[in-house]
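A.B. asks: Next up is a structure, given as structure tokens.
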Amino acid sequence: MKLWGNIGMKFGTIVASVCGAVFVAGTLLIGSSVLVGRTFETAQEESSTLMKSMREQMFADMMHDAMRGVVYKALYASSMGQSDLASEASAEASEFAASFEGAIEAQNALQLPSDIRAALDEISGPLTDYIAATQSIVSEAASGQMDAAQASLPAFEANFTALEVAMEAVSDRIAAGNEANIASSA
């Protein structure tokens with residue numbers, strides 16, 4: 001009888017130990033699943049924010065190029081004596097400037113990493129200068145001041161390039177942020 005009593009005691013200890021091990025393993029598995037799920041959710045939210053920023057940045061870049069086109073449209077209209085086309089260019093310059101600023105403001109409203117935020121802050125001065133140069137040339141061309149408009153072109157092109165460099169820095173940082181986000185979630 002003692003033999004069966006000892007076996008029963010050992011069997012009970014073994015069952016309790018196995019149950020304990022299964023419980024610990026299950027708890028660890030659940031905990032790691034929750035951690036991975038939260039990490040994935042955070043990465044997904046960050047990626048979504050970065051993609052919204054990139055979408056706005058791409059739209060801003062289109063407005064950057066569109067405003068340049070408006071300047072040359074105004075110069076053409078003035079040289080051809082087409083006042084209706086020059087008026088259209090003036091309206092487009094204002095519309096595109098507002099859209100450009102709106103795209104940058106939309107990014108400023110997002111929860112972006114500090115390096116992207118810093119790059120966005122760097123756009124402010126060049127953007128203001130570019131919009132002012134665009135509107136000045138378009139206004140000069142529309143009012144028939146072709147010599148003044150043409151004389152302003154080199155400064156306008158310098159403003160275009162300065163803004164282009166600042167915009168490129170933002171795009172590069174957004175892309176790098178997204179790549180880092182993807183790598184950290186893998």
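The chains in the structure tokens are called A, B, ... from first to last as shown; in each chain the residues are counted from 1, and the ligands are counted from 1 in the order shown.
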Tell me which protein, DNA and RNA residues are within 10 Å of Met167 (chain A), counting only C-alpha atoms, leaving out same-chain ones fewer than 4 positions away, and put them as a count of residues only.
C.D. replies: 16
A.B. asks: For Ser78 (chain A), find every residue with an atom within 12 Å (counting only C-alpha atoms), except residues of its own chain fewer than 5 positions away, and show them as a PyMOL selection string.
C.D. replies: chain A and resi 71-73+83-90+137-147+149-150
A.B. asks: Which residue gives the smallest distance to Ala118 (chain A) among A:Thr13, A:Ala169, A:Glu157, A:Ile131, with only C-alpha atoms counted?
C.D. replies: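 The answer is A:Ala169, which sits nearest to Ala118 (chain A).
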A.B. asks: If we count only C-alpha atoms and set the cut-off at 8 Å, which residues sit around Ala97 (chain A), ignoring sequence neighbours fewer than 3 positions away in its own chain? Please answer as an MDAnalysis selection string.
C.D. replies: chainID A and resid 63 67 93:94 100:101 131
A.B. asks: Please produce a file of those selected residues containing N, CA, C and O atoms, as an mmCIF file, in the first residue's frame.
C.D. replies:
data_model
loop_
_atom_site.group_PDB
_atom_site.id
_atom_site.type_symbol
_atom_site.label_atom_id
_atom_site.label_comp_id
_atom_site.auth_asym_id
_atom_site.auth_seq_id
_atom_site.Cartn_x
_atom_site.Cartn_y
_atom_site.Cartn_z
ATOM 1 N N MET A 63 1.704 71.874 -55.895
ATOM 2 C CA MET A 63 1.377 73.291 -55.874
ATOM 3 C C MET A 63 2.626 74.138 -56.100
ATOM 4 O O MET A 63 2.571 75.190 -56.750
ATOM 5 N N MET A 67 2.551 76.674 -59.206
ATOM 6 C CA MET A 67 2.733 78.120 -59.076
ATOM 7 C C MET A 67 3.805 78.621 -60.036
ATOM 8 O O MET A 67 3.691 79.729 -60.570
ATOM 9 N N ALA A 93 -2.847 81.940 -59.119
ATOM 10 C CA ALA A 93 -1.741 82.177 -58.176
ATOM 11 C C ALA A 93 -2.269 82.224 -56.748
ATOM 12 O O ALA A 93 -1.694 81.612 -55.837
ATOM 13 N N SER A 94 -3.371 82.919 -56.544
ATOM 14 C CA SER A 94 -3.960 83.005 -55.197
ATOM 15 C C SER A 94 -4.511 81.653 -54.745
ATOM 16 O O SER A 94 -4.312 81.238 -53.600
ATOM 17 N N PHE A 100 -1.392 75.405 -51.278
ATOM 18 C CA PHE A 100 -0.040 75.066 -50.844
ATOM 19 C C PHE A 100 0.069 75.244 -49.325
ATOM 20 O O PHE A 100 0.500 74.340 -48.600
ATOM 21 N N GLU A 101 -0.346 76.390 -48.850
ATOM 22 C CA GLU A 101 -0.299 76.660 -47.409
ATOM 23 C C GLU A 101 -1.188 75.683 -46.641
ATOM 24 O O GLU A 101 -0.821 75.234 -45.553
ATOM 25 N N ILE A 131 5.753 82.476 -52.369
ATOM 26 C CA ILE A 131 4.400 82.963 -52.656
ATOM 27 C C ILE A 131 4.439 84.449 -52.996
ATOM 28 O O ILE A 131 3.806 84.894 -53.957
#
A.B. asks: Return the single residue from A:Asp115, A:Phe160, A:Ala66, A:Ala109 that is closest to Glu95 (chain A), with distances computed using only C-alpha atoms.
C.D. replies: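 Closest to Glu95 (chain A), using only C-alpha atoms: A:Ala66.
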A.B. asks: Choose the residue, out of A:Ser184, A:Phe11, A:Asn178, A:Asp121, that has the smallest atom-to-atom separation from Ser47 (chain A); count only C-alpha atoms.
C.D. replies: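 Closest candidate: A:Asn178.
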A.B. asks: Using CA of Met62 (chain A) and CA of Glu164 (chain A) as the two end points, give the distance in Å to one decimal.
C.D. replies: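 These atoms are spaced 11.0 Å apart.
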A.B. asks: I need the residue nearest Ala155 (chain A) from this list: A:Ser99, A:Ser48, A:Asn108, A:Thr134. Use only C-alpha atoms for the distance.
C.D. replies: A:Thr134
